[in-house]
Structure formats: C-alpha cells, structure tokens
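So this block is protein38.txt, compact mmCIF, C-alpha atoms:
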```txt
# COMPACT_ATOMS: atom_id res chain seq x y z
CA MET A 1 -136.37 -136.12 36.99
CA LYS A 2 -136.21 -133.11 39.20
CA GLU A 3 -134.61 -135.13 41.95
CA LYS A 4 -132.00 -136.48 39.55
CA MET A 5 -131.06 -132.95 38.45
CA ASN A 6 -130.68 -131.83 42.07
CA GLN A 7 -128.44 -134.78 42.80
CA MET A 8 -126.16 -133.97 39.82
CA PHE A 9 -125.94 -130.35 40.91
CA LYS A 10 -124.96 -131.38 44.40
CA ASP A 11 -122.27 -133.71 43.04
CA LYS A 12 -120.77 -130.95 40.82
CA LEU A 13 -120.83 -128.49 43.71
CA PHE A 14 -119.00 -131.03 45.86
CA LEU A 15 -116.37 -131.52 43.20
CA VAL A 16 -115.88 -127.79 42.81
CA MET A 17 -115.53 -127.34 46.54
CA LEU A 18 -113.05 -130.21 46.67
CA VAL A 19 -110.92 -128.74 43.89
CA LEU A 20 -110.97 -125.29 45.51
CA GLY A 21 -109.90 -126.87 48.82
CA LEU A 22 -107.01 -128.67 47.19
CA LEU A 23 -105.88 -125.51 45.39
CA THR A 24 -106.01 -123.60 48.68
CA ILE A 25 -103.83 -126.24 50.41
CA VAL A 26 -101.28 -126.23 47.55
CA ALA A 27 -101.11 -122.42 47.54
CA ALA A 28 -100.56 -122.30 51.30
CA ALA A 29 -97.76 -124.88 51.08
CA GLY A 30 -96.05 -122.87 48.31
CA VAL A 31 -96.15 -119.68 50.33
CA ALA A 32 -94.60 -121.46 53.33
CA THR A 33 -91.83 -122.90 51.18
CA MET A 34 -90.98 -119.51 49.70
CA ARG A 35 -90.78 -117.92 53.15
CA ASN A 36 -88.48 -120.60 54.58
CA GLY A 37 -86.28 -120.85 51.48
CA GLY A 38 -86.16 -124.57 51.80
CA GLY A 39 -84.50 -124.29 55.23
CA GLN A 40 -81.59 -122.07 53.91
CA GLU A 41 -81.10 -118.31 54.03
CA GLN A 42 -81.06 -116.60 50.69
CA ASN A 43 -78.14 -114.25 49.89
CA PRO A 44 -79.66 -111.11 48.32
CA TYR A 45 -76.32 -110.37 46.54
CA VAL A 46 -74.87 -112.23 43.59
CA ASP A 47 -71.95 -114.44 44.70
CA MET A 48 -69.06 -113.57 42.35
CA GLN A 49 -66.25 -116.12 42.36
CA GLY A 50 -62.97 -114.62 43.60
CA GLN A 51 -64.57 -111.30 44.49
CA GLY A 52 -62.44 -111.19 47.68
CA ASP A 53 -59.26 -111.44 45.60
CA PHE A 54 -60.60 -108.84 43.22
CA LEU A 55 -61.21 -106.40 46.05
CA ALA A 56 -57.74 -107.09 47.53
CA GLU A 57 -55.96 -106.51 44.22
CA ASN A 58 -57.81 -103.28 43.55
CA GLN A 59 -57.56 -101.92 47.04
CA LEU A 60 -56.27 -98.38 47.07
CA PRO A 61 -52.87 -97.92 48.79
CA THR A 62 -52.93 -96.43 52.21
CA ALA A 63 -50.53 -93.86 53.49
CA GLY A 64 -47.56 -95.30 55.35
CA PRO A 65 -43.73 -95.55 55.42
CA SER A 66 -42.06 -96.06 52.02
CA ASN A 67 -39.98 -99.15 51.26
CA GLU A 68 -37.63 -97.17 49.00
CA PRO A 69 -34.11 -96.87 50.52
CA GLU A 70 -33.11 -93.40 51.51
CA PRO A 71 -30.18 -91.91 49.58
CA ALA A 72 -26.83 -92.29 51.31
CA PRO A 73 -25.43 -89.23 53.09
CA PRO A 74 -22.85 -87.24 51.08
CA VAL A 75 -19.85 -88.69 52.99
CA ILE A 76 -20.96 -92.28 52.37
CA ARG A 77 -21.64 -91.52 48.70
CA GLU A 78 -18.07 -90.23 48.35
CA GLN A 79 -16.72 -93.42 49.95
CA LEU A 80 -18.80 -95.55 47.61
CA ALA A 81 -17.46 -93.61 44.65
CA GLU A 82 -13.88 -94.14 45.85
CA ASN A 83 -14.48 -97.86 46.31
CA ASN A 84 -15.93 -98.08 42.82
CA GLN A 85 -12.87 -96.31 41.42
CA ASP A 86 -10.60 -98.80 43.21
CA THR A 87 -12.59 -101.63 41.69
CA VAL A 88 -12.08 -100.22 38.21
CA ILE A 89 -8.35 -99.84 38.82
CA ALA A 90 -8.14 -103.36 40.23
CA GLU A 91 -9.89 -104.75 37.15
CA GLU A 92 -7.39 -102.92 34.98
CA ILE A 93 -4.47 -104.26 37.02
CA TYR A 94 -5.65 -107.84 37.06
CA GLY A 95 -7.19 -107.86 33.61
CA ALA A 96 -10.56 -109.09 34.92
CA ALA A 97 -12.33 -107.84 31.80
CA ASP A 98 -10.29 -109.90 29.32
CA ASN A 99 -8.68 -112.56 31.57
CA ARG A 100 -5.15 -111.54 30.62
CA THR A 101 -3.94 -112.15 34.16
CA LYS A 102 -5.29 -114.06 37.12
CA ILE A 103 -6.90 -112.94 40.35
CA PRO A 104 -4.32 -113.02 43.21
CA GLU A 105 -4.18 -116.31 45.10
CA THR A 106 -1.09 -115.95 47.30
CA PRO A 107 -0.20 -113.38 50.00
CA GLU A 108 2.49 -112.00 47.68
CA GLU A 109 0.02 -111.48 44.88
CA ALA A 110 -2.53 -109.97 47.27
CA LYS A 111 0.14 -107.56 48.50
CA ALA A 112 0.64 -106.50 44.91
CA VAL A 113 -2.95 -105.29 44.86
CA ASP A 114 -2.22 -102.62 47.45
CA SER A 115 1.04 -101.51 45.88
CA GLY A 116 -0.52 -101.71 42.43
CA LEU A 117 -3.47 -99.53 43.40
CA ASP A 118 -1.19 -96.90 44.91
CA ALA A 119 1.18 -96.96 41.95
CA ALA A 120 -1.58 -96.97 39.34
CA ALA A 121 -2.99 -93.76 40.77
CA SER A 122 0.26 -91.91 40.03
CA LEU A 123 2.01 -93.86 37.23
CA VAL A 124 1.38 -93.02 33.61
CA LEU A 125 2.69 -95.59 31.11
CA ASN A 126 3.61 -93.27 28.27
CA PHE A 127 6.86 -94.62 26.87
CA SER A 128 7.81 -93.12 23.50
CA ASP A 129 10.57 -93.22 20.91
CA SER A 130 12.35 -90.40 22.75
CA SER A 131 12.08 -92.01 26.22
CA LYS A 132 15.08 -93.49 27.99
CA MET A 133 15.42 -96.57 30.24
CA LEU A 134 17.63 -97.30 33.20
CA TRP A 135 20.09 -100.14 32.94
CA PRO A 136 18.50 -103.00 34.88
CA VAL A 137 21.97 -103.97 36.07
CA ARG A 138 25.33 -102.28 35.64
CA GLY A 139 27.69 -104.40 33.53
CA ASN A 140 29.28 -104.92 30.16
CA VAL A 141 27.25 -106.09 27.17
CA VAL A 142 28.38 -109.66 26.56
CA LEU A 143 26.21 -110.30 23.49
CA ASP A 144 24.81 -107.48 21.34
CA TYR A 145 21.36 -107.20 19.81
CA ASN A 146 21.39 -108.20 16.16
CA MET A 147 18.41 -109.28 14.06
CA GLU A 148 19.93 -108.43 10.65
CA SER A 149 22.83 -110.85 10.84
CA THR A 150 24.09 -113.60 13.14
CA ILE A 151 26.47 -113.34 16.10
CA TYR A 152 28.51 -116.05 17.82
CA PHE A 153 27.17 -117.66 21.01
CA PRO A 154 30.16 -119.26 22.84
CA THR A 155 28.19 -121.70 25.01
CA LEU A 156 26.11 -122.93 22.08
CA ASP A 157 29.11 -122.73 19.73
CA GLN A 158 26.92 -121.42 16.95
CA TYR A 159 25.98 -118.27 15.12
CA LYS A 160 22.42 -116.98 15.33
CA CYS A 161 20.41 -113.78 15.58
CA ASN A 162 19.99 -112.20 19.00
CA PRO A 163 16.69 -110.37 19.76
CA GLY A 164 18.05 -108.81 22.97
CA LEU A 165 21.07 -107.77 24.99
CA VAL A 166 23.01 -110.09 27.29
CA ILE A 167 24.34 -107.81 30.05
CA GLN A 168 27.00 -109.10 32.43
CA GLY A 169 26.13 -109.11 36.14
CA GLU A 170 27.33 -110.68 39.36
CA ILE A 171 25.15 -113.31 41.01
CA SER A 172 22.78 -111.70 43.55
CA ASP A 173 23.26 -108.20 42.13
CA PRO A 174 19.96 -106.27 42.38
CA VAL A 175 17.97 -105.83 39.16
CA TYR A 176 15.84 -102.70 38.72
CA ALA A 177 12.81 -101.81 36.58
CA PRO A 178 14.11 -99.94 33.52
CA ALA A 179 11.00 -97.70 33.30
CA ASN A 180 7.54 -97.19 34.74
CA ALA A 181 5.78 -100.40 33.83
CA ARG A 182 2.99 -102.86 34.45
CA VAL A 183 3.95 -106.52 34.83
CA LEU A 184 2.19 -108.47 32.11
CA GLU A 185 3.66 -111.84 32.93
CA ALA A 186 5.97 -113.53 35.42
CA GLY A 187 7.27 -116.88 34.20
CA THR A 188 10.23 -119.14 33.58
CA ASN A 189 11.72 -121.04 30.65
CA GLU A 190 14.75 -123.15 29.90
CA GLU A 191 16.79 -120.52 28.07
CA ILE A 192 16.43 -117.33 30.13
CA GLY A 193 15.27 -118.78 33.45
CA ASN A 194 12.90 -116.65 35.54
CA TYR A 195 11.69 -113.61 33.64
CA LEU A 196 9.27 -110.68 33.72
CA VAL A 197 7.37 -109.18 30.79
CA LEU A 198 6.81 -105.45 31.31
CA ASP A 199 4.35 -103.17 29.54
CA LEU A 200 5.84 -99.68 29.20
CA GLY A 201 2.87 -98.16 27.39
CA ASN A 202 2.26 -97.16 23.77
CA ASP A 203 2.94 -100.73 22.56
CA TYR A 204 6.44 -100.84 24.06
CA SER A 205 7.35 -103.90 26.10
CA VAL A 206 10.44 -105.37 27.74
CA VAL A 207 11.45 -108.91 28.71
CA CYS A 208 13.96 -109.18 31.53
CA GLY A 209 15.34 -112.70 32.16
CA GLN A 210 17.95 -114.61 34.21
CA LEU A 211 16.35 -113.44 37.49
CA LYS A 212 16.03 -114.99 40.92
CA GLU A 213 13.98 -113.99 43.98
CA VAL A 214 11.61 -112.14 41.67
CA ALA A 215 9.98 -109.29 43.60
CA ALA A 216 7.01 -108.63 41.29
CA VAL A 217 3.89 -110.47 40.15
CA ALA A 218 1.60 -110.25 37.15
CA GLY A 219 -0.58 -107.17 37.33
CA GLU A 220 1.73 -105.16 39.57
CA TYR A 221 2.82 -101.65 38.65
CA LEU A 222 6.53 -100.88 38.98
CA GLU A 223 8.15 -97.49 39.18
CA LYS A 224 11.31 -96.76 37.24
CA GLY A 225 14.24 -97.97 39.36
CA GLN A 226 12.11 -100.25 41.59
CA LEU A 227 13.68 -103.57 42.60
CA MET A 228 12.49 -106.49 40.43
CA GLY A 229 14.77 -109.26 41.70
CA TYR A 230 18.39 -110.37 41.61
CA VAL A 231 20.86 -111.83 39.09
CA ALA A 232 20.58 -115.62 39.03
CA GLU A 233 23.01 -118.40 38.13
CA PRO A 234 23.28 -118.58 34.32
CA THR A 235 21.22 -121.20 32.53
CA LYS A 236 22.95 -123.92 30.46
CA TYR A 237 22.63 -121.66 27.42
CA TYR A 238 25.05 -119.10 28.94
CA THR A 239 27.57 -121.06 31.04
CA ILE A 240 30.57 -119.65 29.16
CA GLU A 241 29.17 -116.12 29.01
CA GLY A 242 28.64 -116.27 32.77
CA SER A 243 25.94 -114.74 34.99
CA ASN A 244 23.96 -112.08 33.17
CA ILE A 245 20.65 -110.34 32.62
CA PHE A 246 18.83 -110.92 29.33
CA LEU A 247 17.06 -107.76 28.13
CA GLU A 248 14.74 -107.88 25.12
CA MET A 249 12.64 -104.95 23.89
CA LYS A 250 9.72 -104.82 21.44
CA HIS A 251 7.59 -102.15 19.84
CA ARG A 252 4.27 -103.34 18.43
CA ASP A 253 5.55 -106.92 18.85
CA ALA A 254 8.61 -106.26 16.65
CA PRO A 255 12.08 -106.50 18.29
CA VAL A 256 14.06 -103.28 18.64
CA ASP A 257 17.57 -102.63 19.93
CA PRO A 258 17.36 -101.92 23.71
CA LEU A 259 20.69 -100.13 23.51
CA ASP A 260 18.99 -97.30 21.58
CA TYR A 261 16.77 -96.60 24.62
CA LEU A 262 19.18 -97.13 27.51
CA GLU A 263 20.53 -94.03 29.26
```
Please express what this file holds, its structure, as structure tokens.
Amino acid sequence: MKEKMNQMFKDKLFLVMLVLGLLTIVAAAGVATMRNGGGQEQNPYVDMQGQGDFLAENQLPTAGPSNEPEPAPPVIREQLAENNQDTVIAEEIYGAADNRTKIPETPEEAKAVDSGLDAAASLVLNFSDSSKMLWPVRGNVVLDYNMESTIYFPTLDQYKCNPGLVIQGEISDPVYAPANARVLEAGTNEEIGNYLVLDLGNDYSVVCGQLKEVAAVAGEYLEKGQLMGYVAEPTKYYTIEGSNIFLEMKHRDAPVDPLDYLE
C-alpha cells in the first residue's frame, strides 16, 4: 500500500512538472513574438488617413512676394481712364447697348469712328424750337410741306399730302448737314433714293433724301454745314419736278414744317 501511494505521488509530480514545462515554453514563445512584432515594425503613432493632406491644407503661409498686381502708375491710370471714356463714347455712337446701329465693317465706317469720337467730344445735340437750320442745298422750293390738305404732284399726276419739302438742286451740287447731328440711319428707297436720317437732339430729327455719293455712315456725328453728299438724279417719282433734295423734319415722331426752322 505504501509503495502504491509513492508511485501515485511520483506520477502526479511528473504531471505537474510537465505542465509547468509546457507553460514555460508557451510563455517564452509569446514574449519572443511580442518583441519581433510578427516580423513587422510597429508604428507608435496612430495612422490617420489623409493626415498629409490635412497638414498641407492647414499649413501656415510663409512670407514671400505677393501675387496681387501692383497699382498702375498715375500716367498709365490716366491713359486707361481716357481709353474707357472713348469706349463709352464709341458705344454711344454705335448704339452697342441697344443695337440701334451696327459695328463698323468697312474702312469708311471705321473711319467714321475716329471722326465721330472727335466730333462727339465737342458737339452737343441740343436742337430746340428756337433753333435754326442751314439749307442743305440752295434752290427754290418745288413742293411745299402740307399735312393739312393735299398738293399736286406733277410726276404722279395726283394730289396728296406732303410731309416734307422738295428743294430744287442741280445734279452733283453739294449737300450740307442742316445742323449738328448724329446719323441714325443711312439707307435707300424707291421714292427718295439714297437718304440719311439725322438726330438733332431733343426728339428732333431730319430725313434728307435724293442723295448720291453719301459721305456719312450710321453712327457718325456731323457738324452743321458738313458735307453729307451730292444731289442725285431724280427718282421716277420726281422726273417732272427735276433733280432735288427731299427734306423732312419731325419732332417726337410727328411731322413739322422744315421751312419754319430754315434760316
């Protein structure tokens, strides 16, 4: 019995020693693994995604040259102001804001820009009820203005109202601007041939027809007495009356008698 108890004690002691040995081996292996990090170095800092971009975006500016343009010297600023003023005048001349007239496309129209800019700086379109106009051409009045009753037109052989004056003139006689004006329109039609529509200011306007070699374009400023063109051959509406200049005048789009305003 005693021997059997000793044998059991020895067996338990062996098992205990075996378990302790296994625990020691496992503990040693765990320590080695922790030291080596599984073959990879451990980063002691937390890896924040996009932290490089974050640092770049929040980097404080460093001192250096500014990208802001330096103000122009006084002389250049004055030139810029003058150029801007010319632009405003040009827009007024060519009606860029409301498309009343077109941008110049021909050398003649481009030339009008220069003359128009010069004239616009000095001309004031301030025609009034007491203002007087030059005769565009010197000659007798062949057909009077009359909007209250009819007058006889020999070529047409009919009576009708006449919204303007038909002034006799020799072919190729010069035709002059009756007042300071801005050319609103340069056109042609069957009845009065080539014509100009002139803005005199204060809602006064003039139509001058039966022209040839017209020396003005839409948008151009004309001084009183400046050449506008020459007397043309009469259209088929005025063959009996002969060569002439047709002069029509309006105030606020209503016809008025040009004879009341001619000098």
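Taking atom CA of Leu143 of chain A and atom CA of Val197 of chain A as the two end points, the separation is 20.2 Å.
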Segment 184-198 of chain A, all listed atoms, 6 Å padding on each side: what axis-aligned box centre and edge lengths in Å to one decimal come out, as AutoDock Vina command-line options?
```
--center_x 9.5 --center_y -114.3 --center_z 31.8 --size_x 26.6 --size_y 29.7 --size_z 19.5
```
Nearby residues (all atoms listed in the file) at most 7 Å from Val183 of chain A, same-chain spacing under 4 positions excluded, as a VMD selection string: chain A and resid 196 to 199 217 to 221
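Reported to one decimal place, the separation of atom CA of Gly169 of chain A from atom CA of Asp257 of chain A is 19.4 Å.
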Within-12 Å shell of (21.3, -106.4, 39.1) in input frame, all atoms listed in the file, as an NGL selection string: :A and (134-139 or 167-178 or 208-214 or 225-232 or 243-247)
Atom-to-atom span, atom CA of Thr235 of chain A and atom CA of Val256 of chain A, Å: 23.8 Å
